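A.B. asks: Input: one structure, supplied below.
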Amino acid sequence: MKDTSEGYVTADGRKIGGVVMEMKNITLRFGGVTAIKDISFDIREGEIRAIIGPNGAGKSSMLNVISGFYVPQEGEVWFRGEKRPPMKPYQVARQGIARTFQNIALFEGMSVLDNVMTGRLTHMTQGILAQALWKGPAEREEVENREKAEKIIDFLEIQHIRKTPVSRLPYGLKKRVELARALVSEPTILLLDEPMAGMNVEEKEDMCRFVLDVNDEFGTTIALIEHDMGVVMDLSDRVVVMDYGRKIGDGTPDEVRANQEVIDAYLGVAHD
Amino acid sequence: DLVFPDLSYRTGPYAAGGIPFSDGYRDYFTLVNERDGGIGGVKARVIECETGYNTEKGVECYEATKGEGALVYQPLSTGITYQLIPKVSADEIPLHTMGYGRTSAKNGEVFKWVFNYPANYWDAASVAIKYLLDENGGDLSGKDITLLYHNSAYGKEPIRTLENLAEKHGYNFSTIAVDHPGQEQKSQWLQIRRERPDYVIMWGWGVMNQVAIQEAANVRFPMENFIGNWWAGAEHDVTPAGDAADGYKALNMNRIADYPVFDDIQEHVVDAGLAAGDGSNVGKVLYTRGMYAAMLAVEAAKTAQEIHGTADITPAMMRDGMEALEMTEARMEELGMPGIGPEFSVSCSNHGGSGGGIVQQWDAAAGEWKPLTDYIQPDQEVIQPLIEEDSMAFAQENDISLRCNES
Amino acid sequence: MPEQFFWGVEVVLNGLMAGVLYALVALGFVLIFKASGIFNYSQGVLALFAALTLVGIMDGQVPFAHLINAALGTEIHHFGWHLPALLAILLTALVMVALAWAVQRFIFRHLVGQEPIILFMATIGLAYFLEGLGDIMWGADIKNLDVGLPQGINATIDEVTYEWFGYGFFIDNLDISATLIAAALVTLLILFAQYTKQGRAMRAVADDHQAALSVGVSLNFIWIMVWSLAGVVALVAGIMWGTKMGVQFSLSLIALKALPVLMLGGFTSIPGAIVGGLIIGVGEKLFEFLIGPMVGGATENWFAYVLALVFLVFRPQGLFGEKIIERV
Amino acid sequence: MLDAGRTDQALLEVNNIEVIYNHVILVLKGVSLSVPEGGIVALLGGNGAGKTTTLKAISNLLASERGEVTKGSIVYRGERVQDLDPSALVKRGVIQVMEGRHCFEHLTVEENLLTGAYTRSAGRADIQRDLEMVYDYFPRLKDVRRSQAGYTSGGEQQMTAIGRALMSRPEMILLDEPSMGLAPQLVEQIFEIVKSVNENEGVTFLLAEQNTNVALRFARYGYILESGRVVMDGPADELRENPDVKEFYLGVSEEGRKSFRDVRSYRRRKRWLA
Amino acid sequence: MLYREAGDFKTSYIADSQTFPIRFDRWRYYAVLAVAFGIVPFVINDYWANAVLLPFLIYAIAAIGLNILTGYCGQVSLGTGGFMAVGAYACYKLMTAFPDVSIIIHLVLAGGITAAVGVLFGLPSLRIKGFYLAVATLAAQFFLVWLFNRVPWFYNYSASGQITAPERTVLGVAVTGPEAPAWAAYLLCLVFVTVLALVARNLTRGKQGRQWMAIRDMDIAAEIIGVNPLAAKLSAFAVSSFFIGIAGALFFAVYLGAVEVGEAYGIQKSFLVLFMIIIGGLGSIFGSFAGAAFLVLLPVFLKNVLVGGLGWPSDLAAHLEFMIVGGLIIFFLVAEPHGLAQLWRLAKEKLRLWPFPY
Ligand SMILES: Nc1ncnc2c1ncn2[C@@H]1O[C@H](COP(=O)(O)OP(=O)(O)OP(=O)(O)O)[C@@H](O)[C@H]1O
Ligand SMILES: Nc1ncnc2c1ncn2[C@@H]1O[C@H](COP(=O)(O)OP(=O)(O)OP(=O)(O)O)[C@@H](O)[C@H]1O
Ligand SMILES: [Mg+2]
Ligand SMILES: [Mg+2]
């Protein structure tokens with residue numbers, strides 16, 4: 001594992017930059033339950049960082065800490081070299097951190113297009129009066145953002161369901177729409193919480209392609225929780241392993257795979 | 001035919017009061033049709049329209065019936081009255097609000113189309129105080145009188161009058177409000193129990209009356225010192241409290257008694273199967289009042305027929321009839337309802353009648369109201385300036401020029 | 001000033017009792033909300049309907065007499081019997097069970113799995129319907145209800161406290177019976193909900209209709225059960241309030257007094273209904289007593305809501321309501 | 001039931017059913033399948049293929065989603081069960097574990113399990129014993145049995161849901177995506193449990209799965225559903241060897257398993273969709 | 001074969017996000033407007049204006065307002081009556097204090113004042129959700145009504161506590177007061193409805209609407225993807241109250257002419273408007289109109305049929321009316337829980353597929 005704060009180039013030629021986000025000694029408790037115990041790790045610019053661990057280890061909680069939804073009792077979050085002051089989730093989002101959710105959190109009452117457009121909200125600035133008038137700036141803004149949204153919709157191949165209410169979509173497509181919503185905000189960091197759960201291999205392949213393309217084309221940094229070890233090991237540059245709120249491993253996929261503690265707590269016997 | 005709309009409410013929170021009133025109102029017209037062949041030979045037609053005591057429905061009813069040639073409106077709701085005052089003035093249809101509505105409409109100089117004879121709220125307040133004066137040998141100074149009122153425009157009506165009267169007679173006046181609908185009056189009655197006023201006057205309507213009387217009994221407030229206005233003095237107001245309500249007093253603008261006219265109604269209307277209700281309300285307080293209202297309308301129509309020499313009168317003629325209405329003992333006797341109301345005559349400037357009212361008392365054992373007094377005349381010295389003030393303000397706001405002076 | 005103090009105590013005591021009466025209405029809401037997530041707007045009308053039916057049965061009124069007479073030109077009104085109160089209450093309870101069945105069969109069976117607001121709307125439709133039905137069945141005039149509950153000041157308490165403190169406290173007999181009945185009712189309902197299979201199923205249904213169906217809980221049965229229970233609770237509330245104010249339309253408006261109680265205690269908590277009722281009762285009476293005179297009185301209607309609102313800002317699910325689980 | 005091995009008697013028979021949502025959306029276009037008593041049958045297929053819908057059609061949970069079976073028949077133990085309500089079906093021994101867990105959030109884990117026994121009229125002791133059985137299968141649940149289910153982790157909820165179904169002493173469990181969101185170890189564990197429940201208690205399983213790999217290792221027979229139709233079926237071992245299945249559902253092609261990093265090129269289309 | 005979507009392709013995003021993407025719908029919309037503006041004013045009479053059209057138009061505004069809050073932003077409110085009262089009293093105070101300023105400005109200002117009050121009472125919505133919020137908004141309802149009843153300044157110290165709208169003109173024609181002709185009052189309301197409906201449409205189809213709907217559908221997720229819940233909820237309260245305030249002001253000034261707060265703006269109003277949007281369809285502007293029409297027209301219609309047509313006693317008819325309205329509400333919900341608007345949408349979907357069943 002490279003330890004410099006400067007960037008390096010991976011085997012397949014992608015550039016990884018310095019640390020953009022760093023979690024320092026995070027501890028998170030719910031009443032008596034300690035979901036996260038004194039965990040530190042960092043995320044580098046442009047890398048794909050996986051977080052794995054058994055169910056209930058605290059992975060989703062960690063993402064929630066990053067996006068500001070949970071406020072840890074102890075510890076600090078550093079973003080772009082600065083300590084992040086207490087923030088509301090929407091402020092975090094406006095810093096360019098987008099995410100998807102473990103239990104799909106789409107807006108069920110809206111169409112796919114509208115859902116994707118909500119991802120552009122942070123980029124839209126027209127005031128309420130302009131919108132009431134519609135003609136003029138508001139419409140212009142709408143069209144500009146619509147173009148961006150359509151690009152992502154094309155990219156993720158969901159054009160045909162653009163106008164469908166999301167409540168009618170099958171699970172896999174919903175996940176894709178969620179990804180679209182996150183991507184369209186042009187994030188610097190993208191947090192994915194089990195993006196491939198509930199998919200078959202074919203769909204997972206699709207999804208992997210999207211994730212890699214995003215990382216490649218837009219240089220987006222990605223933090224990803226996933227239970228499919230094949231996916232994790234193939235995709236990620238570095239992996240954090242959590243168990244019962246503690247960090248039990250951190251390193252390249254190969255390092256992690258070889259870690260006995262990780263095997264005991266999570267992987268079980270490798271069955272590849 | 002002559003059209004008399006009946007804006008009734010047989011549903012909703014005030015149905016208990018609306019039903020007997022409407023029954024009486026309609027039955028009397030039926031009686032006149034059946035027994036006398038109509039008014040001056042023309043049949044009366046009553047169009048009943050349910051308002052549910054709801055202002056919007058009231059407006060709908062008004063608009064729906066006015067095209068039918070309605071002669072006079074009797075909405076039995078202060079809220080609807082306020083809606084209709086501007087409308088009837090524009091449409092030139094008379095409005096009769098008997099003992100409710102806008103008090104200052106008594107001033108016919110300002111309110112050409114609105115009548116509120118034989119009495120109004122301020123009269124009622126004054127009558128109550130007059131009665132108490134009589135009870136106390138003409139001196140109320142130092143006495144504590146509390147007004148328990150429905151917290152609405154209606155309930156607030158008597159406050160000014162009672163305040164002015166307090167100045168004049170030297171009693172201590174206080175008020176206690178009850179918010180609509182008034183099913184819970186614990187704190188109000190605890191307060192009364194604590195402060196032990198000598199008298200409680202009540203301006204209530206609907207469920208507030210029943211609960212107040214029950215609570216008064218619960219705190220053992222002496223019933224004979226508890227006086228309701230005439231919308232708080234019907235049978236259904238006291239019966240839920242049972243024997244405990246015995247002795248409760250209330251005002252009335254019309255006397256209830258076993259009038260001969262009831263026999264006619266029984267014969268020509270109820271037994272003929274033409275009654276508006278099931279006939280069980282005949283003779284009750286609000287039934288009698290409804291019938292009284294109808295009688296006043298019929299008499300006004302007759303007067304109008306005389307004035308204009310035609311049986312087929314228009315709303316404008318009806319108005320003239322109302323303005324020339326004269327109720328005498330003899331006339332009431334003739335109609336089979338001697339002494340049902342005070343004697344009064346209407347004039348251009350006075351649309352409010354004499355303002356007299358009686359005090360009646362509930363006899364729980366007999367299950368009936370017993371009149372205690374004859375018609376007591378209110379203190380016009382106090383009321384008239386108030387009416388003048390309020391109606392003039394209205395005239396000013398609405399650019400109305402006064403009528404009666406020039407003629 | 002001891003007098004002021006005694007008055008205050010009296011106000012508090014009476015507030016507690018008034019609170020119990022509110023809670024009786026709130027209980028019905030809680031039951032249905034707990035078991036189905038339905039915010040039952042018609043609970044007040046249910047109480048009215050129950051009370052009307054009770055009076056009708058006691059007095060031997062012919063149901064739909066007005067309609068029958070209007071249609072057939074007959075003149076029937078009464079069967080001419082008078083039933084003892086207890087029997088009439090039992091019969092009315094049966095009517096409420098039948099009503100529960102009908103409500104389930106014709107309305108909620110078809111709305112399984114719908115959003116709460118839709119279910120809420122359906123109860124509004126039901127409220128309209130029952131209001132009309134009650135009027136057509138039994139007439140819209142005021143009826144007296146007397147099942148033999150004592151009413152008025154409790155003389156013993158008055159005398160005893162007068163001896164002790166030199167101030168006789170006012171406690172209403174009806175309130176005392178209401179308190180006893182409410183206490184018994186709440187205890188039974190709590191035991192039922194927490195410790196029986198049906199009670200557990202009821203709570204399961206509230207959480208997730210689909211999942212409850214999938215484990216074989218019959219929504220139909222559970223809902224008929226809770227609507228029956230709510231109907232019986234409504235009957236009790238109807239008796240209490242009807243005794244106080246006569247049985248009439250305004251009885252249905254007592255629901256408005258129950259809402260702040262519900263909100264404060266939590267929509268899903270049976271003990272919450274009682275505690276909420278007590279707090280609201282005392283709060284509004286004290287406010288009216290202490291502050292009311294300064295602002296012109298008649299504050300009770302809004303004060304109850306504002307009080308509940310203030311509580312909610314600190315505990316959004318009410319005092320005892322189930323915590324809203326927010327996770328992503 | 002000592003010998004709960006494979007018998008060839010069909011316990012459940014689904015004949016050519018059509019399902020429509022909201023009166024307009026046709027989802028199943030004639031699906032037939034049969035499940036033998038004591039078997040484990042897997043229902044495979046992509047997202048939106050109609051697996052969940054099929055299971056819900058069987059357990060009669062469609063009505064609450066405004067869906068209905070418009071054609072075909074569903075026969076359980078020789079009896080048409082389409083018109084029964086779900087609880088009647090549970091009483092007959094068919095219970096569904098729904099996709100996405102659907103635990104009763106506000107009930108504790110133990111209370112969740114107890115509701116599973118709702119349709120049974122067994123005594124306290126019996127139920128207590130079954131509870132112990134479930135805790136034996138899922139020791140983790142014992143630790144969290146007093147927590148509100150809403151706060152437990154995804155895996156715990158999945159266990160609760162399966163345990164809850166077991167509490168009804170079913171003859172047949174319809175299992176919808178049991179592996180979704182579970183750690184690999186746990187997936188393995190849950191399937192092991194399915195297998196042992198199948199063997200020890202004689203419970204028949206019909207499971208809808210995305211994780212074809214695991215499903216075909218534990219199931220004995222499989223159906224593959226695409227766009228509301230059964231496109232392929234056969235014994236699990238045969239399906240596993242089928243090149244199409246290998247490529248599209250198992251992610252292994254002729255050259256062996258390839259890395260997810262290398263799947264960037266377009267692949268060939270499924271033959272049956274052409 | 002009138003109803004066709006096929007062949008009606010959009011070539012720009014502007015065309016795609018217009019209000020009526022389907023040509024046929026668009027034409028029908030223009031036709032309705034033409035009739036409403038061009039024909040109705042000439043044939044209208046007092047009855048139609050006062051019994052049906054004015055209440056319909058005014059309730060439609062209120063319903064759109066509440067729909068923005070409840071249907072789009074998911075915040076159930078039972079304070080509508082109170083907010084309408086704010087509009088009415090604001091309008092009254094403005095009308096009497098500045099008699100020379102145009103009533104149109106007063107009406108809009110009344111909306112603005114109501115918006116401010118709405119925001120104030122919307123603050124708790126940040127913590128309180130669902131039915132708890134609904135009940136909490138009742139605090140606004142009861143408090144506001146009490147306040148207007150209690151403080152004489154609001155009703156200019158009139159003896160009765162009522163407020164009466166003085167006559168005001170627009171372009172020389174009286175629109176308030178007893179002399180206002182039916183068509184003038186109608187046109188004034190119609191203009192407001194049209195403009196406000198367009199505004200509502202514009203707000204809901206763009207960024208603002210999406211923010212609201214995101215909060216409605218899943219507030220936590222919305223916040224995490226960057227919606228400021230404070231701004232979204234309060235803006236919904238503000239816009240909604242603005243609409244409702246104007247509706248309340250029109251209700252007082254143009255329709256009733258005189259009101260007493262407890263009766264005209266009581267809790268029943270709050271429920272009524274809520275019923276309208278639920279029956280009409282949450283989150284649909286068209287639904288607001290449909291719901292308002294349903295609840296204004298149905299009772300009038302039933303009354304005319306039962307009493308006028310069949311000659312039933314008016315009390316029986318009134319009771320029956322309750323049963324029928326209640327029954328119909330239930331019937332519609334069972335048939336289509338998402339309101340008349342959804343019923344309409346489904347009908348269109350079927351039409352599109354016609355003659356094939358699916
Ligand atoms: N809002 C909350 N309140 C109480 N406990 C919580 C809350 N959120 C999470 N927890 C607890 O924190 C622990 C970690 O949960 P988390 O969802 O982060 O697990 P996870 O690693 O994402 O698991 P999975 O892979 O199953 O999704 C669990 O025990 C869970 O019950
Ligand atoms: N309630 C519903 N209303 C309308 N359409 C629905 C509904 N439920 C499912 N569908 C549609 O039915 C189709 C099949 O869905 P189903 O959930 O059965 O798929 P699945 O095979 O279980 O997929 P997954 O693997 O994602 O769970 C999908 O296209 C979906 O959009
Ligand atoms: Mg997780
Ligand atoms: Mg599925």
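Following the order of the structure tokens, first chain is A, next is B, and so on, with residues numbered from 1 inside each chain and ligands from 1 in the order they appear.
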With 9 Å as the cut-off and only C-alpha atoms counted, what is the closest atom pair between each nearby residue of chain C and chain D? Distances in Å to one decimal, ordered by chain and number, as a Markdown table.

C.D. replies:
| residue | atom | partner | partner_atom | distance |
| --- | --- | --- | --- | --- |
| C:His110 | CA | D:Ser64 | CA | 8.2 |
| C:Leu111 | CA | D:Ser64 | CA | 7.6 |
| C:Val112 | CA | D:Ser64 | CA | 5.4 |
| C:Gly113 | CA | D:Ser64 | CA | 5.6 |
| C:Gln114 | CA | D:Ser64 | CA | 8.1 |
| C:Lys197 | CA | D:Tyr118 | CA | 6.9 |
| C:Gln198 | CA | D:Tyr118 | CA | 8.1 |
| C:Arg200 | CA | D:Thr115 | CA | 6.8 |
| C:Ala201 | CA | D:Thr115 | CA | 6.1 |
| C:Arg203 | CA | D:Leu107 | CA | 7.5 |
| C:Ala204 | CA | D:Phe104 | CA | 5.7 |
| C:Val205 | CA | D:Phe104 | CA | 8.2 |
| C:Ala206 | CA | D:Phe104 | CA | 8.5 |
| C:Asp207 | CA | D:Phe104 | CA | 5.4 |
| C:Asp208 | CA | D:Phe104 | CA | 6.2 |
| C:His209 | CA | D:Ser64 | CA | 8.7 |
| C:Gln210 | CA | D:Leu61 | CA | 7.3 |
| C:Ala211 | CA | D:His102 | CA | 5.7 |
| C:Ala212 | CA | D:Phe104 | CA | 8.2 |
| C:Leu213 | CA | D:Pro86 | CA | 6.1 |
| C:Ser214 | CA | D:Gln96 | CA | 5.8 |
| C:Val215 | CA | D:Gly116 | CA | 5.6 |
| C:Gly216 | CA | D:Ser87 | CA | 3.7 |
| C:Val217 | CA | D:Ser87 | CA | 5.7 |
| C:Ser218 | CA | D:Ser87 | CA | 5.5 |
| C:Leu219 | CA | D:Ser87 | CA | 8.6 |
| C:Glu322 | CA | D:His106 | CA | 7.3 |
| C:Lys323 | CA | D:His106 | CA | 8.3 |
| C:Ile325 | CA | D:Gly150 | CA | 6.8 |
| C:Arg327 | CA | D:Tyr151 | CA | 8.4 |

A.B. asks: Write a file of the selected residues as a short mmCIF file (atom, residue, chain, number, x, y, z; two decimals), in the first residue's frame, keeping C-alpha atoms.

C.D. replies:
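As a result, result_22.cif now contains:
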data_model
loop_
_atom_site.label_atom_id
_atom_site.label_comp_id
_atom_site.auth_asym_id
_atom_site.auth_seq_id
_atom_site.Cartn_x
_atom_site.Cartn_y
_atom_site.Cartn_z
CA HIS C 110 -60.74 -2.51 -0.42
CA LEU C 111 -58.13 -0.11 0.80
CA VAL C 112 -55.50 -2.43 2.19
CA GLY C 113 -52.02 -1.09 1.71
CA GLN C 114 -53.04 2.42 0.75
CA LYS C 197 -51.61 -12.76 20.51
CA GLN C 198 -54.29 -10.60 18.97
CA ARG C 200 -49.41 -8.34 19.06
CA ALA C 201 -50.97 -8.99 15.69
CA ARG C 203 -49.40 -3.88 16.41
CA ALA C 204 -47.86 -5.88 13.60
CA VAL C 205 -50.62 -4.81 11.26
CA ALA C 206 -49.96 -1.21 12.17
CA ASP C 207 -46.35 -1.53 11.11
CA ASP C 208 -46.72 -3.26 7.80
CA HIS C 209 -49.97 -4.42 6.26
CA GLN C 210 -48.29 -6.53 3.62
CA ALA C 211 -45.98 -8.26 5.98
CA ALA C 212 -48.81 -8.94 8.38
CA LEU C 213 -50.79 -10.47 5.57
CA SER C 214 -47.83 -12.56 4.58
CA VAL C 215 -47.55 -14.19 7.98
CA GLY C 216 -51.20 -15.02 7.90
CA VAL C 217 -52.65 -12.32 10.07
CA SER C 218 -56.13 -11.72 8.78
CA LEU C 219 -56.42 -8.01 8.33
CA GLU C 322 -43.55 5.11 19.11
CA LYS C 323 -40.37 6.69 17.99
CA ILE C 325 -37.64 5.27 12.90
CA ARG C 327 -32.86 5.41 8.72
#

A.B. asks: Using the chain letters and numbers from this document, which residues of range 48-269 of chain A does DSSP assign to alpha helix (DSSP H), as a VMD selection string?

C.D. replies: chain A and resid 59 to 66 89 to 94 112 to 118 128 to 133 137 to 155 171 to 183 201 to 217 229 to 235 253 to 258 260 to 262

A.B. asks: Select the residues contacting ligand 3 at a distance of at most 12 Å, based on only C-alpha atoms and all ligand atoms, then format the selection as a PyMOL selection string.

C.D. replies: (chain A and resi 35+51-64+100-104+192-195+197+224-227+242) or (chain C and resi 327-328) or (chain D and resi 151-157+180-183)

A.B. asks: Which polymer residues have any atom within 8 Å of an atom of Gln43 in chain C, counting only C-alpha atoms, with same-chain residues fewer than 4 positions away left out, as a PyMOL selection string?

C.D. replies: chain C and resi 25+28-29+47+127+230+234+252+255

A.B. asks: As a quick test: using only C-alpha atoms and all ligand atoms, which residues lie no more than 10 Å away from ligand 4? Give them as a compact mmCIF listing (two decimals) with N, CA and C atoms, in the first residue's frame.

C.D. replies:
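Ended up saving to out_15.txt:
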# COMPACT_ATOMS: atom_id res chain seq x y z
N PRO A 170 -38.84 -2.04 -11.72
CA PRO A 170 -38.25 -3.16 -10.98
C PRO A 170 -37.01 -2.68 -10.25
N TYR A 171 -36.63 -3.49 -9.29
CA TYR A 171 -35.57 -3.14 -8.37
C TYR A 171 -34.29 -2.66 -9.05
N GLY A 172 -33.83 -3.43 -9.99
CA GLY A 172 -32.54 -3.13 -10.60
C GLY A 172 -32.54 -1.77 -11.28
N GLY A 198 -29.09 -7.35 -4.95
CA GLY A 198 -30.32 -7.70 -5.64
C GLY A 198 -30.20 -7.70 -7.14
N MET A 199 -28.99 -7.84 -7.65
CA MET A 199 -28.85 -7.90 -9.11
C MET A 199 -28.24 -9.23 -9.51
N GLY D 45 -33.92 -15.09 -12.69
CA GLY D 45 -34.23 -14.14 -13.76
C GLY D 45 -33.82 -12.74 -13.38
N GLY D 46 -33.76 -11.92 -14.38
CA GLY D 46 -33.26 -10.56 -14.18
C GLY D 46 -34.23 -9.70 -13.40
N ASN D 47 -33.85 -8.47 -13.24
CA ASN D 47 -34.73 -7.54 -12.55
C ASN D 47 -35.99 -7.31 -13.35
N GLY D 48 -37.07 -7.34 -12.65
CA GLY D 48 -38.34 -7.06 -13.31
C GLY D 48 -38.85 -8.21 -14.14
N ALA D 49 -38.23 -9.36 -13.97
CA ALA D 49 -38.66 -10.49 -14.78
C ALA D 49 -40.04 -10.97 -14.33
N GLY D 50 -40.35 -10.75 -13.08
CA GLY D 50 -41.66 -11.17 -12.59
C GLY D 50 -41.57 -12.23 -11.51
N LYS D 51 -40.41 -12.37 -10.90
CA LYS D 51 -40.27 -13.38 -9.86
C LYS D 51 -41.15 -13.06 -8.65
N THR D 52 -40.98 -11.83 -8.19
CA THR D 52 -41.75 -11.43 -7.02
C THR D 52 -43.24 -11.53 -7.31
N THR D 53 -43.60 -11.08 -8.48
CA THR D 53 -45.01 -11.12 -8.84
C THR D 53 -45.53 -12.56 -8.82
N THR D 54 -44.74 -13.47 -9.32
CA THR D 54 -45.17 -14.87 -9.30
C THR D 54 -45.39 -15.35 -7.87
N LEU D 55 -44.42 -15.04 -7.02
CA LEU D 55 -44.56 -15.48 -5.63
C LEU D 55 -45.79 -14.85 -4.98
N LYS D 56 -46.00 -13.59 -5.26
CA LYS D 56 -47.14 -12.92 -4.65
C LYS D 56 -48.45 -13.46 -5.20
N MET D 98 -41.17 -11.97 2.37
CA MET D 98 -41.20 -10.98 1.31
C MET D 98 -39.85 -10.38 1.02
N GLU D 99 -39.74 -9.94 -0.19
CA GLU D 99 -38.56 -9.22 -0.65
C GLU D 99 -38.39 -7.97 0.22
N GLY D 100 -37.17 -7.66 0.55
CA GLY D 100 -36.96 -6.44 1.34
C GLY D 100 -37.36 -6.61 2.79
N ASP D 176 -38.34 -14.86 -1.05
CA ASP D 176 -38.04 -13.88 -2.10
C ASP D 176 -36.72 -13.20 -1.81
N GLU D 177 -35.74 -13.48 -2.64
CA GLU D 177 -34.41 -12.86 -2.54
C GLU D 177 -33.82 -12.90 -1.14
N ALA D 208 -37.06 -17.22 -5.02
CA ALA D 208 -36.69 -16.33 -6.10
C ALA D 208 -35.32 -15.77 -5.76
N GLU D 209 -34.41 -15.83 -6.69
CA GLU D 209 -33.05 -15.40 -6.38
C GLU D 209 -32.38 -14.71 -7.55
N GLN D 210 -31.58 -13.75 -7.24
CA GLN D 210 -30.72 -13.14 -8.23
C GLN D 210 -29.37 -13.82 -8.21

A.B. asks: Which of these residues is nearest to chain C, using only C-alpha atoms: B:Pro94, B:Gly40, B:Gly242, B:Pro222?

C.D. replies: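 Counting only C-alpha atoms, the residue closest to chain C is B:Gly242.
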
A.B. asks: Excluding same-chain residues fewer than 2 positions from range 303-307 of chain B, what lies within 12 Å of it counting only C-alpha atoms, as a PyMOL selection string?

C.D. replies: chain B and resi 2+39-42+71+296-301+309-327+346

A.B. asks: Using only C-alpha atoms and all ligand atoms for the distances, tell me which of D:Glu199, D:Glu226, D:Glu171, D:Asp83 is nearest to ligand 2.

C.D. replies: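 Smallest distance to ligand 2 is found for D:Glu226.
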
A.B. asks: Please identify every residue of chain A that has at least one atom no more than 7 Å from any atom of chain E, counting only C-alpha atoms, and report them as an MDAnalysis selection string.

C.D. replies: chainID A and resid 67 89:91 93:94 98 105 107:109 114 118:119 121:122 131:134 142:143

A.B. asks: At what distance in Å, to one decimal, does CA of Val211 in chain B lie from CA of Lys244 in chain C?

C.D. replies: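 The value is 6.6 Å.
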
A.B. asks: Quick one: residues within 10 Å of range 29-37 of chain B, only C-alpha atoms counted, chain neighbours fewer than 6 positions away excluded, as a ChimeraX atom specification?

C.D. replies: /B:4,43-46,261-262,264-270,272,274-276,291,294-295,297-298

A.B. asks: Only residues of chain E matter here; which ones have an atom within 8 Å of chain C, counting only C-alpha atoms? Give them as a PyMOL selection string.

C.D. replies: chain E and resi 124+127-129+131-132+135-136+138-140+142-143+146+150+220-221+275+278+316+318-330+333-334+337-338
